[in-house]
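Here's structure21.pdb, which has PDB, C-alpha atoms and all ligand atoms:
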```pdb
ATOM      1  CA  MET A 186     -12.979  28.434 261.580
ATOM      2  CA  ARG A 187     -14.678  31.166 263.570
ATOM      3  CA  LEU A 188     -13.561  34.584 262.284
ATOM      4  CA  GLY A 189     -13.386  37.575 264.607
ATOM      5  CA  ILE A 190     -13.839  40.814 262.660
ATOM      6  CA  ILE A 191     -12.676  43.841 264.631
ATOM      7  CA  SER A 192     -13.285  47.307 263.236
ATOM      8  CA  ALA A 193     -12.254  50.643 264.618
ATOM      9  CA  LEU A 194     -15.205  52.571 263.208
ATOM     10  CA  HIS A 195     -18.935  52.204 263.612
ATOM     11  CA  GLU A 196     -19.319  53.048 259.896
ATOM     12  CA  GLU A 197     -17.281  49.961 258.990
ATOM     13  CA  GLN A 198     -19.386  47.436 260.882
ATOM     14  CA  GLN A 199     -22.864  48.683 260.106
ATOM     15  CA  GLY A 200     -23.009  47.105 256.645
ATOM     16  CA  LEU A 201     -21.433  43.849 257.811
ATOM     17  CA  ILE A 202     -23.952  43.432 260.607
ATOM     18  CA  GLU A 203     -26.815  44.131 258.188
ATOM     19  CA  ALA A 204     -25.397  41.449 255.855
ATOM     20  CA  MET A 205     -25.119  38.875 258.651
ATOM     21  CA  GLN A 206     -27.383  35.820 258.689
ATOM     22  CA  GLY A 207     -28.853  34.868 262.043
ATOM     23  CA  PRO A 208     -27.247  37.712 263.942
ATOM     24  CA  VAL A 209     -27.254  37.520 267.738
ATOM     25  CA  SER A 210     -25.811  40.377 269.797
ATOM     26  CA  HIS A 211     -24.208  40.186 273.233
ATOM     27  CA  SER A 212     -23.084  43.151 275.339
ATOM     28  CA  HIS A 213     -19.876  42.686 277.292
ATOM     29  CA  GLY A 214     -17.364  45.174 278.677
ATOM     30  CA  MET A 215     -18.755  48.224 276.862
ATOM     31  CA  ARG A 216     -18.848  46.454 273.502
ATOM     32  CA  GLU A 217     -21.466  44.716 271.326
ATOM     33  CA  TYR A 218     -20.340  41.336 269.966
ATOM     34  CA  THR A 219     -22.537  40.243 267.038
ATOM     35  CA  LEU A 220     -22.379  36.529 266.171
ATOM     36  CA  GLY A 221     -23.705  35.139 262.903
ATOM     37  CA  THR A 222     -22.812  33.959 259.410
ATOM     38  CA  LEU A 223     -21.175  36.190 256.793
ATOM     39  CA  TRP A 224     -20.948  34.682 253.296
ATOM     40  CA  GLU A 225     -20.792  31.127 254.760
ATOM     41  CA  ILE A 226     -18.216  32.070 257.408
ATOM     42  CA  ASP A 227     -19.026  31.754 261.109
ATOM     43  CA  ALA A 228     -18.154  35.269 262.305
ATOM     44  CA  VAL A 229     -18.177  37.572 265.317
ATOM     45  CA  CYS A 230     -18.133  41.337 264.650
ATOM     46  CA  VAL A 231     -17.120  43.900 267.245
ATOM     47  CA  LEU A 232     -15.891  47.485 267.464
ATOM     48  CA  SER A 233     -12.519  47.797 269.183
ATOM     49  CA  ARG A 234     -12.969  51.325 270.493
ATOM     50  CA  ILE A 235      -9.778  53.379 270.165
ATOM     51  CA  GLY A 236      -6.170  52.770 271.208
ATOM     52  CA  LYS A 237      -3.932  49.832 272.062
ATOM     53  CA  VAL A 238      -5.514  48.837 275.376
ATOM     54  CA  ALA A 239      -9.021  48.912 273.897
ATOM     55  CA  ALA A 240      -7.898  46.798 270.945
ATOM     56  CA  ALA A 241      -6.023  44.315 273.162
ATOM     57  CA  MET A 242      -9.070  43.833 275.359
ATOM     58  CA  THR A 243     -11.319  43.327 272.342
ATOM     59  CA  ALA A 244      -9.049  40.727 270.787
ATOM     60  CA  SER A 245      -8.650  38.863 274.094
ATOM     61  CA  ILE A 246     -12.393  38.691 274.732
ATOM     62  CA  LEU A 247     -13.040  37.562 271.158
ATOM     63  CA  VAL A 248     -10.717  34.615 271.657
ATOM     64  CA  GLU A 249     -11.406  33.713 275.282
ATOM     65  CA  LYS A 250     -15.151  34.344 275.514
ATOM     66  CA  TYR A 251     -16.392  34.009 271.926
ATOM     67  CA  GLY A 252     -14.015  31.289 270.742
ATOM     68  CA  VAL A 253     -12.769  32.909 267.558
ATOM     69  CA  THR A 254      -9.946  30.993 265.867
ATOM     70  CA  HIS A 255      -8.818  33.757 263.476
ATOM     71  CA  ILE A 256      -8.954  37.560 263.605
ATOM     72  CA  VAL A 257      -9.086  40.241 260.937
ATOM     73  CA  PHE A 258      -8.911  43.919 261.815
ATOM     74  CA  THR A 259     -10.267  46.620 259.489
ATOM     75  CA  GLY A 260      -9.717  50.328 259.905
ATOM     76  CA  VAL A 261      -8.185  53.475 258.505
ATOM     77  CA  ALA A 262      -4.661  54.801 258.968
ATOM     78  CA  GLY A 263      -2.390  57.695 258.216
ATOM     79  CA  SER A 264       0.137  57.176 255.423
ATOM     80  CA  GLY A 265       3.673  56.455 256.578
ATOM     81  CA  ASP A 266       5.335  56.555 253.166
ATOM     82  CA  PRO A 267       5.232  58.897 250.153
ATOM     83  CA  LYS A 268       4.202  56.047 247.817
ATOM     84  CA  VAL A 269       1.170  55.187 249.994
ATOM     85  CA  ASN A 270      -1.707  57.514 249.076
ATOM     86  CA  VAL A 271      -5.093  58.346 250.510
ATOM     87  CA  GLY A 272      -7.491  55.655 249.275
ATOM     88  CA  ASP A 273      -4.801  52.957 249.094
ATOM     89  CA  ILE A 274      -5.077  49.815 251.225
ATOM     90  CA  VAL A 275      -2.234  48.537 253.390
ATOM     91  CA  VAL A 276      -2.260  44.870 254.432
ATOM     92  CA  ALA A 277       0.109  44.279 257.345
ATOM     93  CA  GLU A 278       3.026  41.885 257.015
ATOM     94  CA  SER A 279       4.222  42.983 260.436
ATOM     95  CA  LEU A 280       3.144  45.374 263.193
ATOM     96  CA  LEU A 281       5.163  47.366 265.697
ATOM     97  CA  GLN A 282       4.229  49.516 268.723
ATOM     98  CA  HIS A 283       5.960  52.809 267.912
ATOM     99  CA  ASP A 284       5.409  54.252 271.398
ATOM    100  CA  MET A 285       6.954  51.237 273.195
ATOM    101  CA  ASP A 286      10.303  52.245 274.727
ATOM    102  CA  ALA A 287      11.641  50.389 277.776
ATOM    103  CA  SER A 288      15.245  51.334 276.998
ATOM    104  CA  PRO A 289      17.825  50.913 278.374
ATOM    105  CA  LEU A 290      16.302  47.747 279.885
ATOM    106  CA  PHE A 291      15.176  46.517 276.459
ATOM    107  CA  PRO A 292      15.888  47.832 272.963
ATOM    108  CA  ARG A 293      13.551  50.615 271.828
ATOM    109  CA  PHE A 294      10.316  49.216 270.258
ATOM    110  CA  GLU A 295      10.850  45.745 271.754
ATOM    111  CA  VAL A 296       7.846  44.482 273.715
ATOM    112  CA  PRO A 297       9.465  43.354 276.967
ATOM    113  CA  LEU A 298       9.620  39.585 277.525
ATOM    114  CA  THR A 299       8.547  38.720 273.985
ATOM    115  CA  GLY A 300      11.940  39.484 272.425
ATOM    116  CA  LEU A 301      10.042  41.075 269.521
ATOM    117  CA  GLN A 302       9.735  44.516 268.024
ATOM    118  CA  ARG A 303       7.588  43.304 265.159
ATOM    119  CA  PHE A 304       4.724  40.823 265.237
ATOM    120  CA  GLY A 305       4.156  39.019 261.947
ATOM    121  CA  SER A 306       0.637  38.633 260.593
ATOM    122  CA  ASP A 307      -0.530  35.194 259.412
ATOM    123  CA  LEU A 308       0.752  34.521 255.888
ATOM    124  CA  VAL A 309      -2.266  32.592 254.623
ATOM    125  CA  LEU A 310      -4.834  35.068 256.014
ATOM    126  CA  SER A 311      -2.818  38.052 254.798
ATOM    127  CA  GLU A 312      -2.498  36.559 251.316
ATOM    128  CA  ALA A 313      -6.275  36.044 251.224
ATOM    129  CA  LEU A 314      -6.870  39.580 252.546
ATOM    130  CA  ALA A 315      -4.511  41.192 250.023
ATOM    131  CA  GLY A 316      -6.243  39.228 247.230
ATOM    132  CA  ALA A 317      -9.624  40.367 248.537
ATOM    133  CA  ALA A 318      -8.408  43.990 248.638
ATOM    134  CA  GLU A 319      -7.009  43.837 245.067
ATOM    135  CA  GLN A 320     -10.290  42.332 243.903
ATOM    136  CA  PHE A 321     -12.264  45.090 245.656
ATOM    137  CA  LEU A 322     -10.203  47.858 244.011
ATOM    138  CA  ARG A 323     -10.674  46.188 240.601
ATOM    139  CA  GLN A 324     -14.427  45.994 241.243
ATOM    140  CA  GLN A 325     -14.452  49.711 242.145
ATOM    141  CA  ALA A 326     -12.453  50.661 239.051
ATOM    142  CA  GLU A 327     -14.847  48.732 236.783
ATOM    143  CA  LYS A 328     -17.874  50.516 238.219
ATOM    144  CA  PRO A 329     -19.150  53.681 236.563
ATOM    145  CA  ALA A 330     -17.649  56.716 238.273
ATOM    146  CA  ASP A 331     -19.363  57.283 241.580
ATOM    147  CA  SER A 332     -20.405  60.915 241.618
ATOM    148  CA  ALA A 333     -20.365  61.223 245.409
ATOM    149  CA  LEU A 334     -16.743  60.082 245.557
ATOM    150  CA  GLU A 335     -15.752  62.040 242.435
ATOM    151  CA  ILE A 336     -17.069  65.206 244.006
ATOM    152  CA  GLU A 337     -15.098  64.501 247.138
ATOM    153  CA  GLY A 338     -12.068  64.287 244.835
ATOM    154  CA  PHE A 339     -10.317  61.398 246.546
ATOM    155  CA  GLY A 340      -8.766  60.146 243.294
ATOM    156  CA  LEU A 341      -9.647  56.602 244.274
ATOM    157  CA  GLN A 342      -9.469  55.227 240.717
ATOM    158  CA  HIS A 343      -5.681  55.016 241.202
ATOM    159  CA  ALA A 344      -5.891  53.192 244.545
ATOM    160  CA  ARG A 345      -3.401  50.361 245.160
ATOM    161  CA  VAL A 346      -2.752  47.614 247.693
ATOM    162  CA  HIS A 347       0.538  47.665 249.640
ATOM    163  CA  ARG A 348       1.953  45.045 251.986
ATOM    164  CA  GLY A 349       4.426  45.778 254.735
ATOM    165  CA  MET A 350       4.950  47.239 258.185
ATOM    166  CA  ILE A 351       2.239  49.113 260.118
ATOM    167  CA  ALA A 352       3.063  50.963 263.345
ATOM    168  CA  SER A 353       0.578  51.543 266.156
ATOM    169  CA  GLY A 354       0.665  53.926 269.098
ATOM    170  CA  ASP A 355      -1.670  55.759 271.433
ATOM    171  CA  GLN A 356      -1.302  58.910 269.367
ATOM    172  CA  PHE A 357      -3.190  60.364 266.419
ATOM    173  CA  ILE A 358      -0.273  61.547 264.270
ATOM    174  CA  SER A 359      -1.064  64.989 262.873
ATOM    175  CA  SER A 360       2.347  66.563 262.391
ATOM    176  CA  ALA A 361       4.709  66.155 259.446
ATOM    177  CA  ALA A 362       7.659  66.580 261.831
ATOM    178  CA  HIS A 363       6.425  63.770 264.074
ATOM    179  CA  LEU A 364       5.930  61.458 261.105
ATOM    180  CA  ARG A 365       9.381  62.353 259.746
ATOM    181  CA  GLN A 366      10.924  61.357 263.082
ATOM    182  CA  LEU A 367       9.111  58.010 263.063
ATOM    183  CA  LYS A 368      10.115  57.381 259.460
ATOM    184  CA  GLN A 369      13.745  58.080 260.304
ATOM    185  CA  ASP A 370      13.636  55.406 262.998
ATOM    186  CA  LEU A 371      11.476  53.006 260.945
ATOM    187  CA  PRO A 372      12.334  53.431 257.241
ATOM    188  CA  ASP A 373      10.026  50.615 256.080
ATOM    189  CA  LEU A 374       6.953  52.138 257.777
ATOM    190  CA  LEU A 375       3.872  52.159 255.500
ATOM    191  CA  ALA A 376       1.048  53.317 257.801
ATOM    192  CA  VAL A 377       0.355  54.658 261.290
ATOM    193  CA  GLU A 378      -2.688  53.811 263.379
ATOM    194  CA  MET A 379      -3.690  53.124 266.985
ATOM    195  CA  GLU A 380      -4.696  49.450 267.402
ATOM    196  CA  GLY A 381      -3.183  46.911 265.017
ATOM    197  CA  ALA A 382       0.023  46.075 266.882
ATOM    198  CA  ALA A 383      -1.918  45.541 270.107
ATOM    199  CA  VAL A 384      -4.151  42.967 268.397
ATOM    200  CA  ALA A 385      -0.966  41.487 266.940
ATOM    201  CA  GLN A 386       0.626  41.056 270.388
ATOM    202  CA  VAL A 387      -2.498  39.436 271.854
ATOM    203  CA  CYS A 388      -2.775  37.076 268.891
ATOM    204  CA  PHE A 389       0.931  36.214 269.136
ATOM    205  CA  GLU A 390       0.632  35.439 272.842
ATOM    206  CA  LEU A 391      -2.546  33.364 272.384
ATOM    207  CA  GLY A 392      -1.383  31.640 269.182
ATOM    208  CA  VAL A 393      -4.251  32.967 267.047
ATOM    209  CA  PRO A 394      -3.642  33.737 263.348
ATOM    210  CA  PHE A 395      -4.575  37.319 262.463
ATOM    211  CA  THR A 396      -4.268  39.961 259.789
ATOM    212  CA  VAL A 397      -4.855  43.714 259.538
ATOM    213  CA  MET A 398      -6.104  45.918 256.699
ATOM    214  CA  ARG A 399      -5.919  49.692 256.833
ATOM    215  CA  THR A 400      -7.356  52.085 254.279
ATOM    216  CA  ILE A 401      -5.340  55.296 254.124
ATOM    217  CA  SER A 402      -7.484  58.250 255.209
ATOM    218  CA  ASP A 403      -4.851  60.960 255.630
ATOM    219  CA  ASN A 404      -1.153  61.792 255.430
ATOM    220  CA  ALA A 405      -0.557  62.017 259.208
ATOM    221  CA  ASN A 406       0.278  65.715 258.788
ATOM    222  CA  GLU A 407      -1.369  68.957 259.890
ATOM    223  CA  GLU A 408      -4.420  68.235 257.672
ATOM    224  CA  ALA A 409      -4.871  64.714 259.081
ATOM    225  CA  ALA A 410      -7.846  65.353 261.352
ATOM    226  CA  VAL A 411      -9.949  67.028 258.644
ATOM    227  CA  ASP A 412      -9.039  64.451 255.976
ATOM    228  CA  PHE A 413      -9.715  61.611 258.432
ATOM    229  CA  MET A 414     -13.254  62.798 259.231
ATOM    230  CA  ARG A 415     -14.107  63.381 255.567
ATOM    231  CA  PHE A 416     -12.776  59.976 254.542
ATOM    232  CA  VAL A 417     -14.466  58.063 257.332
ATOM    233  CA  GLN A 418     -17.830  59.582 256.485
ATOM    234  CA  THR A 419     -17.640  58.939 252.749
ATOM    235  CA  VAL A 420     -15.509  55.913 251.901
ATOM    236  CA  ALA A 421     -14.192  53.880 254.834
ATOM    237  CA  SER A 422     -17.371  51.867 255.241
ATOM    238  CA  ARG A 423     -17.592  50.693 251.652
ATOM    239  CA  TYR A 424     -13.944  49.625 251.678
ATOM    240  CA  ALA A 425     -14.362  47.521 254.820
ATOM    241  CA  PHE A 426     -17.593  45.952 253.565
ATOM    242  CA  GLY A 427     -16.263  45.177 250.087
ATOM    243  CA  VAL A 428     -12.950  43.722 251.231
ATOM    244  CA  VAL A 429     -14.441  41.614 254.055
ATOM    245  CA  LYS A 430     -17.078  40.253 251.657
ATOM    246  CA  ASN A 431     -14.382  39.190 249.186
ATOM    247  CA  LEU A 432     -12.291  37.768 252.044
ATOM    248  CA  CYS A 433     -15.126  35.627 253.426
ATOM    249  CA  GLN A 434     -15.940  34.315 249.957
ATOM    250  CA  ARG A 435     -12.285  33.349 249.504
ATOM    251  CA  LEU A 436     -12.092  31.679 252.924
ATOM    252  CA  ALA A 437     -15.338  29.760 252.288
ATOM    253  CA  ALA A 438     -14.239  28.529 248.824
TER     254      ALA A 438
HETATM  255  N1  LIG B 501      -5.818  56.645 261.945
HETATM  256  C1  LIG B 501      -6.119  57.338 260.822
HETATM  257  N2  LIG B 501      -5.252  58.353 260.641
HETATM  258  C2  LIG B 501      -4.374  58.294 261.675
HETATM  259  C3  LIG B 501      -3.274  59.072 262.065
HETATM  260  N3  LIG B 501      -2.893  60.125 261.331
HETATM  261  N4  LIG B 501      -2.613  58.739 263.199
HETATM  262  C4  LIG B 501      -3.013  57.682 263.933
HETATM  263  N5  LIG B 501      -4.059  56.916 263.616
HETATM  264  C5  LIG B 501      -4.731  57.213 262.501
END
```
Please render this file's structure as structure tokens.
Ligand code: ADE
Amino acid sequence: MRLGIISALHEEQQGLIEAMQGPVSHSHGMREYTLGTLWEIDAVCVLSRIGKVAAAMTASILVEKYGVTHIVFTGVAGSGDPKVNVGDIVVAESLLQHDMDASPLFPRFEVPLTGLQRFGSDLVLSEALAGAAEQFLRQQAEKPADSALEIEGFGLQHARVHRGMIASGDQFISSAAHLRQLKQDLPDLLAVEMEGAAVAQVCFELGVPFTVMRTISDNANEEAAVDFMRFVQTVASRYAFGVVKNLCQRLAA
């Protein structure tokens, strides 16, 4: 196995790259690919940049140029459901491109010529990732209260892991009305972000198993931009590091 680890945020990869054994960095196409070993797993870390095209390019290069056999994506997302709270983790069972609409030629949301609206994540990888996420939240809960996070008031001691559908689009959703519209069309939506379903399509077309984890940073409403920035700066990085560490240890076992 060679695991491609794609993150959306610089803050999420910093710790992973510091933890890497024998890291070697390559620049290609406006990205840094760092190859090395993470907790016994042969890994390649890279930032996707933002949006579906950026994520699709990153995933393709990881497979075609760096020979990864599996991909995991880590990032943050807006909540797409009232039971999914800031600080929770969503592990994708399926991903959909919510801004894809080639109707009336193809049904709304269907990616033309694939016959699919939803791309399923790999069951084995997703099971391992969800286990790693549950383990991380237990580890956090057992720790003495972290004053920095307490002060920020994120209420993370109640954080949970959810599994289900994540929708991606080239839009930062920051309007309750917009989210309501999406939810009406996609009742099982759990989270909204900007890259996952693009990685999912590339992996589907190339036959590469993948999974996606998203930590909820905001409620995709009018406060989303402020909450997103605050969350990214304080907690996103430790979530990505902790969950990927647990995941690699599970995959190596
Ligand atoms: N990533 C984090 N929050 C998001 C939001 N509200 N919309 C799209 N992508 C996001």
Measure the distance from CA of Gly263 (chain A) to CA of Ser402 (chain A) in Å and round it to one decimal.
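Interatomic distance here is 5.9 Å.
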Test item: residues no farther than 10 Å from ligand LIG 501 (chain B), counting all atoms listed in the file, as number ranges by chain:
A: 193, 235-236, 260-265, 352-361, 364, 376-380, 399-410, 412-414, 416-417
Within 12 Å of His213 (chain A), counting all atoms listed in the file, which residues show up once you throw out same-chain ones fewer than 3 positions away? Write them as a list in words, please.
Ser210, Arg216, Glu217, Tyr218, Thr219, Val231, Leu232, Met242, Thr243, Ile246, Leu247, Lys250 and Tyr251 of chain A
Hits of the PyMOL selection byres (((chain A and resi 301) around 12) and not hetatm) in this structure, as a PyMOL selection string:
chain A and resi 279-282+285+291-300+302-305+382+385-386+389-390
From the set A:Gln434, A:Asn270, A:Gln366, A:Ser192, which residue has the shortest atom-to-atom contact distance to Leu223 (chain A), counting only C-alpha atoms?
A:Gln434
Which distance in Å separates CA of Cys388 (chain A) and CA of Ala244 (chain A), to one decimal?
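Answer for the CA of Cys388 (chain A) to CA of Ala244 (chain A) separation: 7.5 Å.
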For the atom pair CA of Arg435 (chain A) and CA of Glu196 (chain A), what is the interatomic distance in Å to one decimal place?
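Pair CA of Arg435 (chain A) / CA of Glu196 (chain A) returns 23.4 Å.
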Within 10 Å of region 310-315 of chain A, counting all atoms listed in the file, which residues show up once you throw out same-chain ones fewer than 5 positions away? Write them as a VMD selection string, please.
chain A and resid 255 to 257 274 to 278 320 to 321 346 to 348 394 to 398 428 to 429 431 to 436
Go through A:His283, A:Ile190, A:Leu220, A:Met350 one by one, measure the shortest atom-to-atom distance of each to His363 (chain A) using only C-alpha atoms, and give the residue with the smallest value.
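For His363 (chain A), the nearest of the given residues is A:His283.
In terms of minimum interatomic distance to His343 (chain A), A:Gln325 ranks closest within A:Ser233, A:Gln325, A:Ser288, A:Gln418, counting all atoms listed in the file.
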Between A:Leu188, A:Arg323, A:Gln198, A:Val387, which residue has the minimum interatomic distance to Glu225 (chain A), considering only C-alpha atoms?
A:Leu188
To box region 232-235 of chain A, take all atoms listed in the file, fit an axis-aligned box, add 8 Å on each side, and give centre and edge lengths in Å to one decimal, as AutoDock Vina command-line options.
```
--center_x -12.8 --center_y 50.4 --center_z 269.0 --size_x 22.1 --size_y 21.9 --size_z 19.0
```
Can you work out which one of A:Gly392, A:Pro372, A:Gly349, A:Gly221 has the shortest atom-to-atom distance to Met205 (chain A), counting all atoms listed in the file?
A:Gly221
For this file, the PyMOL selection byres (((chain A and resi 344) around 7) and not hetatm) selects which residues, as a ChimeraX atom specification?
/A:272-273,322,341-343,345
